[in-house]
>>> print(open('entry24.cif').read())   # mmCIF, C-alpha atoms and all ligand atoms
data_model
loop_
_atom_site.label_atom_id
_atom_site.label_comp_id
_atom_site.auth_asym_id
_atom_site.auth_seq_id
_atom_site.Cartn_x
_atom_site.Cartn_y
_atom_site.Cartn_z
CA MET A 12 16.98 13.32 2.67
CA ASN A 13 14.10 14.80 4.66
CA PHE A 14 10.54 13.45 4.66
CA LEU A 15 9.23 15.97 2.11
CA ASP A 16 12.09 15.20 -0.31
CA LYS A 17 11.35 11.50 0.07
CA LEU A 18 7.66 12.06 -0.71
CA ASN A 19 8.65 14.08 -3.74
CA ASN A 20 10.78 11.20 -4.99
CA ILE A 21 8.22 8.39 -4.67
CA GLN A 22 7.23 6.50 -7.84
CA ASN A 23 6.50 3.05 -6.40
CA PHE A 24 4.01 2.01 -3.74
CA VAL A 25 4.16 -1.41 -2.09
CA PHE A 26 1.21 -2.36 0.11
CA ASP A 27 0.26 -5.15 2.44
CA ILE A 28 -3.47 -5.99 2.36
CA ASP A 29 -4.74 -7.20 5.75
CA GLY A 30 -4.57 -4.44 8.34
CA VAL A 31 -3.69 -1.85 5.68
CA PHE A 32 -6.33 -2.01 2.95
CA THR A 33 -8.58 -3.76 5.49
CA ASP A 34 -9.06 -3.27 9.23
CA GLY A 35 -7.61 -6.74 9.75
CA SER A 36 -10.97 -8.42 10.27
CA VAL A 37 -12.03 -11.44 8.30
CA LEU A 38 -15.57 -12.76 8.12
CA ILE A 39 -15.29 -16.53 8.22
CA GLN A 40 -17.83 -18.38 6.11
CA ASP A 41 -18.95 -21.94 6.74
CA ASP A 42 -16.96 -23.21 3.77
CA GLY A 43 -13.82 -21.71 5.32
CA SER A 44 -13.52 -18.88 2.84
CA LEU A 45 -12.86 -15.40 4.20
CA LEU A 46 -14.61 -12.13 3.42
CA ARG A 47 -12.89 -8.74 3.84
CA THR A 48 -14.04 -5.14 3.74
CA MET A 49 -12.13 -2.45 1.88
CA ASN A 50 -12.44 1.31 1.89
CA THR A 51 -13.77 2.98 -1.28
CA LYS A 52 -11.85 6.20 -0.55
CA ASP A 53 -8.64 4.15 -0.56
CA GLY A 54 -9.83 2.59 -3.81
CA PHE A 55 -10.50 5.94 -5.44
CA ALA A 56 -7.03 7.25 -4.59
CA LEU A 57 -5.41 4.01 -5.75
CA LYS A 58 -7.18 4.20 -9.09
CA HIS A 59 -6.08 7.80 -9.49
CA ALA A 60 -2.48 6.89 -8.63
CA VAL A 61 -2.54 4.25 -11.38
CA THR A 62 -3.77 6.81 -13.91
CA GLN A 63 -0.97 9.14 -12.81
CA GLY A 64 1.59 6.49 -13.70
CA TYR A 65 2.70 5.29 -10.27
CA ASN A 66 3.71 1.65 -9.90
CA ILE A 67 1.56 -0.20 -7.39
CA PHE A 68 2.67 -3.52 -5.90
CA ILE A 69 0.76 -5.73 -3.48
CA ILE A 70 2.47 -8.33 -1.29
CA THR A 71 0.14 -10.31 0.95
CA GLY A 72 -0.02 -13.60 2.77
CA GLY A 73 -3.70 -13.81 1.80
CA LYS A 74 -5.06 -15.45 -1.33
CA SER A 75 -8.58 -14.13 -1.78
CA LEU A 76 -9.81 -14.13 -5.36
CA GLY A 77 -12.21 -11.32 -4.48
CA VAL A 78 -9.35 -9.11 -3.27
CA PHE A 79 -7.45 -9.93 -6.47
CA TYR A 80 -10.39 -8.87 -8.64
CA ARG A 81 -10.95 -5.73 -6.60
CA LEU A 82 -7.29 -4.66 -7.00
CA ALA A 83 -7.33 -5.50 -10.70
CA SER A 84 -10.53 -3.49 -11.17
CA LEU A 85 -8.75 -0.49 -9.64
CA GLY A 86 -6.02 -0.81 -12.24
CA VAL A 87 -3.30 -2.66 -10.33
CA LYS A 88 -1.41 -4.80 -12.83
CA LYS A 89 -1.97 -8.51 -12.27
CA GLU A 90 1.76 -9.18 -12.46
CA ASN A 91 2.27 -6.71 -9.59
CA ILE A 92 0.00 -8.62 -7.20
CA PHE A 93 1.82 -11.18 -5.05
CA PHE A 94 -0.58 -13.40 -3.10
CA ASP A 95 -0.02 -16.27 -0.66
CA CYS A 96 3.41 -14.79 0.10
CA HIS A 97 5.05 -15.94 3.31
CA ASP A 98 8.44 -14.28 2.95
CA LYS A 99 7.65 -10.70 2.04
CA LEU A 100 11.25 -9.52 2.14
CA ALA A 101 12.30 -12.20 -0.36
CA ALA A 102 9.33 -11.25 -2.56
CA LEU A 103 10.23 -7.57 -2.43
CA LYS A 104 13.90 -8.27 -3.18
CA GLN A 105 12.80 -10.33 -6.18
CA ILE A 106 10.59 -7.48 -7.42
CA VAL A 107 13.44 -5.00 -6.98
CA GLU A 108 15.78 -7.24 -8.96
CA GLU A 109 13.42 -8.32 -11.73
CA ARG A 110 11.76 -4.94 -12.28
CA SER A 111 14.86 -2.82 -11.60
CA LEU A 112 12.90 -1.01 -8.90
CA ASP A 113 14.64 2.03 -7.43
CA LEU A 114 14.36 1.62 -3.65
CA SER A 115 14.95 5.33 -3.09
CA LYS A 116 11.67 5.91 -4.94
CA THR A 117 9.75 3.23 -3.11
CA VAL A 118 7.35 3.45 -0.18
CA TYR A 119 6.10 0.39 1.73
CA MET A 120 3.08 0.27 4.01
CA GLY A 121 2.54 -2.68 6.33
CA ASP A 122 1.14 -3.29 9.80
CA ASP A 123 2.48 -6.51 11.32
CA ILE A 124 5.55 -8.73 11.83
CA PRO A 125 5.68 -10.11 8.24
CA ASP A 126 6.18 -6.51 7.08
CA TYR A 127 9.16 -5.82 9.36
CA GLY A 128 11.81 -6.97 6.86
CA PRO A 129 10.40 -4.98 3.92
CA MET A 130 9.89 -1.93 6.17
CA CYS A 131 13.60 -1.96 7.02
CA TYR A 132 14.56 -2.49 3.36
CA VAL A 133 12.80 0.43 1.61
CA ASN A 134 13.59 4.12 1.70
CA LEU A 135 10.27 5.22 3.11
CA PRO A 136 8.54 2.74 5.46
CA CYS A 137 5.02 3.76 6.50
CA CYS A 138 2.24 2.21 8.54
CA PRO A 139 -1.34 2.74 9.69
CA ALA A 140 -2.09 4.24 13.11
CA ASP A 141 -3.02 0.81 14.49
CA ALA A 142 0.09 -1.07 13.30
CA ILE A 143 1.87 -3.14 15.95
CA PRO A 144 4.52 -1.31 18.03
CA GLU A 145 7.47 -3.07 16.32
CA ILE A 146 6.30 -1.78 12.94
CA LYS A 147 5.60 1.70 14.26
CA SER A 148 9.12 1.82 15.69
CA VAL A 149 10.70 1.45 12.22
CA ALA A 150 8.11 3.53 10.30
CA GLN A 151 9.17 6.95 9.09
CA TYR A 152 5.55 7.93 8.70
CA VAL A 153 2.67 6.69 10.85
CA SER A 154 -0.62 7.64 9.22
CA PRO A 155 -3.22 9.11 11.61
CA TYR A 156 -5.69 6.66 10.01
CA ASN A 157 -6.16 2.99 10.86
CA GLY A 158 -5.99 0.06 8.47
CA GLY A 159 -9.14 -0.09 6.35
CA HIS A 160 -10.07 3.41 7.49
CA GLY A 161 -8.12 5.65 5.14
CA CYS A 162 -4.40 5.04 5.77
CA VAL A 163 -3.88 4.04 2.12
CA ARG A 164 -5.72 7.11 0.90
CA ASP A 165 -3.73 9.28 3.29
CA LEU A 166 -0.37 8.03 2.00
CA LEU A 167 -1.33 8.15 -1.69
CA GLU A 168 -2.82 11.60 -1.32
CA LYS A 169 0.23 12.92 0.55
CA VAL A 170 2.61 11.78 -2.18
CA MET A 171 0.42 12.99 -5.04
CA LYS A 172 -0.23 16.38 -3.42
CA VAL A 173 3.50 16.99 -2.94
CA GLN A 174 4.09 16.04 -6.58
CA GLY A 175 1.16 18.08 -7.92
CA LYS A 176 -0.69 14.95 -9.08
CA TRP A 177 -3.73 15.26 -6.83
CA PHE A 178 -6.93 17.07 -7.80
CA ASN A 179 -7.18 20.83 -7.82
CA THR A 180 -10.71 21.48 -6.54
CA ASP A 181 -10.88 24.68 -8.59
CA ASP A 182 -10.82 22.47 -11.71
CA LEU A 183 -13.85 20.52 -10.48
CA LYS A 184 -16.21 23.47 -10.41
CA VAL A 185 -18.45 24.70 -13.25
MG MG A 201 -1.02 -7.02 7.47
#
>>> encode(input="entry24.cif", output="structure tokens")
Amino acid sequence: MNFLDKLNNIQNFVFDIDGVFTDGSVLIQDDGSLLRTMNTKDGFALKHAVTQGYNIFIITGGKSLGVFYRLASLGVKKENIFFDCHDKLAALKQIVEERSLDLSKTVYMGDDIPDYGPMCYVNLPCCPADAIPEIKSVAQYVSPYNGGHGCVRDLLEKVMKVQGKWFNTDDLKV
């Protein structure tokens, strides 16, 4: 199956958070809690993908309540958000089994070593431009955008455009 056929087939998105939705930075507060920055263009595309019926899953080692609320506010189902996860491959396998997820319709985007197993497991592994070399070496699509700077938007938009689910700008005019 070529890349375009794979894009055409995608129904499920699985994302890492740090280094994908964020640029990997954390702002450390005095109480030890961490603050992250996310990209609103990524958020807009994610919300649109939810309205178009795509399944969105999040698997992250982080456990920020703020990130949880942000994802939920964008329409990601709470039961699809897996936080504080230290074996991402096991988590993904469990999702596949429990939700009868079709791997041939699943794209995964991660940026670092914990994502290596899941990247090798799904049909369409993708990563941001600034992912580590090991991840880039197994990615079938490397976004031209960095983590936190539009790689999520890029992937979502690519899939939805191929499937005719993105916006037609002619429809947005008076
Ligand atoms: Mg990461």
>>> residues_around(input="entry24.cif", residues="A:Asp95", least_positions_apart="2", cutoff="7 Å", atoms="all atoms listed in the file", output="NGL selection string")
:A and (71-74 or 93 or 97)
>>> closest_residue(input="entry24.cif", among="A:Tyr80, A:Phe178, A:Phe32, A:Phe55", to="ligand MG 201 (chain A)", atoms="all atoms listed in the file")
A:Phe32
>>> residues_near_ligand(input="entry24.cif", ligand="ligand MG 201 (chain A)", cutoff="12 Å", atoms="all atoms listed in the file", output="PyMOL selection string")
chain A and resi 26-37+69-73+96-97+99+119-127+138-139+141-143+146+157-159
>>> closest_residue(input="entry24.cif", among="A:Gly77, A:Gly128, A:Gln22, A:Val61", to="A:Arg47", atoms="only C-alpha atoms")
A:Gly77
>>> atom_distance(input="entry24.cif", atom1="atom CA of A:Leu85", atom2="atom CA of A:Thr62")
9.8 Å
>>> atom_distance(input="entry24.cif", atom1="atom CA of A:Val118", atom2="atom CA of A:Leu76")
25.1 Å
>>> closest_residue(input="entry24.cif", among="A:Asn19, A:Pro129, A:Ala140, A:Thr180", to="A:His160", atoms="all atoms listed in the file")
A:Ala140
>>> residues_around(input="entry24.cif", residues="A:Asp113", least_positions_apart="5", cutoff="10 Å", atoms="all atoms listed in the file", output="list in words")
Ile21, Gln22, Asn23, Val107, Glu108, Val133 and Asn134 of chain A
>>> atom_distance(input="entry24.cif", atom1="atom CA of A:Asn50", atom2="atom CA of A:Val185")
28.5 Å
>>> closest_residue(input="entry24.cif", among="A:Ser75, A:Asn20, A:Gly86, A:Leu183", to="A:Gln63", atoms="all atoms listed in the file")
A:Gly86
>>> residues_around(input="entry24.cif", residues="A:Gln151", least_positions_apart="6", cutoff="10 Å", atoms="all atoms listed in the file", output="list in words")
Phe14, Met130, Asn134, Leu135, Pro136, Cys137 and Cys138 of chain A
>>> closest_residue(input="entry24.cif", among="A:Glu90, A:Ala83, A:Met12, A:Lys116", to="A:Val170", atoms="all atoms listed in the file")
A:Lys116
>>> closest_residue(input="entry24.cif", among="A:Leu45, A:Val173, A:Leu166, A:Val78", to="A:Leu57", atoms="only C-alpha atoms")
A:Leu166
>>> axis_aligned_box(input="entry24.cif", around="stretch 110-114 of chain A", padding_each_side="6 Å", output="lines of an AutoDock Vina configuration file")
center_x = 13.3
center_y = -1.5
center_z = -8.0
size_x = 15.1
size_y = 19.0
size_z = 20.6
>>> residues_around(input="entry24.cif", residues="A:His59", least_positions_apart="6", cutoff="12 Å", atoms="all atoms listed in the file", output="PyMOL selection string")
chain A and resi 52-53+65-67+85-87+164+167-168+171+176-178
>>> build_atoms(input="entry24.cif", residues="stretch 25-43 of chain A", atoms="N, CA and C atoms", output="PDB file, in the coordinates of the input")
ATOM      1  N   VAL A  25       4.320   0.016  -2.396  1.00  0.00           N
ATOM      2  CA  VAL A  25       4.160  -1.410  -2.090  1.00  0.00           C
ATOM      3  C   VAL A  25       3.274  -1.512  -0.849  1.00  0.00           C
ATOM      4  N   PHE A  26       2.176  -2.258  -0.986  1.00  0.00           N
ATOM      5  CA  PHE A  26       1.210  -2.360   0.110  1.00  0.00           C
ATOM      6  C   PHE A  26       0.997  -3.806   0.541  1.00  0.00           C
ATOM      7  N   ASP A  27       0.832  -3.959   1.837  1.00  0.00           N
ATOM      8  CA  ASP A  27       0.260  -5.150   2.440  1.00  0.00           C
ATOM      9  C   ASP A  27      -1.278  -5.016   2.281  1.00  0.00           C
ATOM     10  N   ILE A  28      -2.010  -6.083   2.450  1.00  0.00           N
ATOM     11  CA  ILE A  28      -3.470  -5.990   2.360  1.00  0.00           C
ATOM     12  C   ILE A  28      -4.126  -5.978   3.746  1.00  0.00           C
ATOM     13  N   ASP A  29      -4.027  -7.096   4.467  1.00  0.00           N
ATOM     14  CA  ASP A  29      -4.740  -7.200   5.750  1.00  0.00           C
ATOM     15  C   ASP A  29      -4.159  -6.230   6.781  1.00  0.00           C
ATOM     16  N   GLY A  30      -5.016  -5.419   7.343  1.00  0.00           N
ATOM     17  CA  GLY A  30      -4.570  -4.440   8.340  1.00  0.00           C
ATOM     18  C   GLY A  30      -4.088  -3.141   7.721  1.00  0.00           C
ATOM     19  N   VAL A  31      -4.076  -3.084   6.382  1.00  0.00           N
ATOM     20  CA  VAL A  31      -3.690  -1.850   5.680  1.00  0.00           C
ATOM     21  C   VAL A  31      -4.857  -1.419   4.781  1.00  0.00           C
ATOM     22  N   PHE A  32      -5.143  -2.248   3.774  1.00  0.00           N
ATOM     23  CA  PHE A  32      -6.330  -2.010   2.950  1.00  0.00           C
ATOM     24  C   PHE A  32      -7.600  -2.424   3.714  1.00  0.00           C
ATOM     25  N   THR A  33      -7.437  -3.332   4.671  1.00  0.00           N
ATOM     26  CA  THR A  33      -8.580  -3.760   5.490  1.00  0.00           C
ATOM     27  C   THR A  33      -8.284  -3.418   6.953  1.00  0.00           C
ATOM     28  N   ASP A  34      -9.299  -3.552   7.803  1.00  0.00           N
ATOM     29  CA  ASP A  34      -9.060  -3.270   9.230  1.00  0.00           C
ATOM     30  C   ASP A  34      -8.506  -4.499   9.953  1.00  0.00           C
ATOM     31  N   GLY A  35      -8.195  -5.529   9.185  1.00  0.00           N
ATOM     32  CA  GLY A  35      -7.610  -6.740   9.750  1.00  0.00           C
ATOM     33  C   GLY A  35      -8.640  -7.814  10.063  1.00  0.00           C
ATOM     34  N   SER A  36      -9.919  -7.441   9.993  1.00  0.00           N
ATOM     35  CA  SER A  36     -10.970  -8.420  10.270  1.00  0.00           C
ATOM     36  C   SER A  36     -11.196  -9.336   9.082  1.00  0.00           C
ATOM     37  N   VAL A  37     -11.549 -10.559   9.357  1.00  0.00           N
ATOM     38  CA  VAL A  37     -12.030 -11.440   8.300  1.00  0.00           C
ATOM     39  C   VAL A  37     -13.350 -12.049   8.764  1.00  0.00           C
ATOM     40  N   LEU A  38     -14.291 -12.120   7.837  1.00  0.00           N
ATOM     41  CA  LEU A  38     -15.570 -12.760   8.120  1.00  0.00           C
ATOM     42  C   LEU A  38     -15.455 -14.198   7.637  1.00  0.00           C
ATOM     43  N   ILE A  39     -15.536 -15.118   8.564  1.00  0.00           N
ATOM     44  CA  ILE A  39     -15.290 -16.530   8.220  1.00  0.00           C
ATOM     45  C   ILE A  39     -16.596 -17.198   7.820  1.00  0.00           C
ATOM     46  N   GLN A  40     -16.625 -17.699   6.598  1.00  0.00           N
ATOM     47  CA  GLN A  40     -17.830 -18.380   6.110  1.00  0.00           C
ATOM     48  C   GLN A  40     -17.745 -19.876   6.436  1.00  0.00           C
ATOM     49  N   ASP A  41     -18.885 -20.531   6.353  1.00  0.00           N
ATOM     50  CA  ASP A  41     -18.950 -21.940   6.740  1.00  0.00           C
ATOM     51  C   ASP A  41     -18.074 -22.839   5.876  1.00  0.00           C
ATOM     52  N   ASP A  42     -17.827 -22.402   4.635  1.00  0.00           N
ATOM     53  CA  ASP A  42     -16.960 -23.210   3.770  1.00  0.00           C
ATOM     54  C   ASP A  42     -15.484 -22.891   4.004  1.00  0.00           C
ATOM     55  N   GLY A  43     -15.204 -22.024   4.988  1.00  0.00           N
ATOM     56  CA  GLY A  43     -13.820 -21.710   5.320  1.00  0.00           C
ATOM     57  C   GLY A  43     -13.262 -20.518   4.584  1.00  0.00           C
TER      58      GLY A  43
END
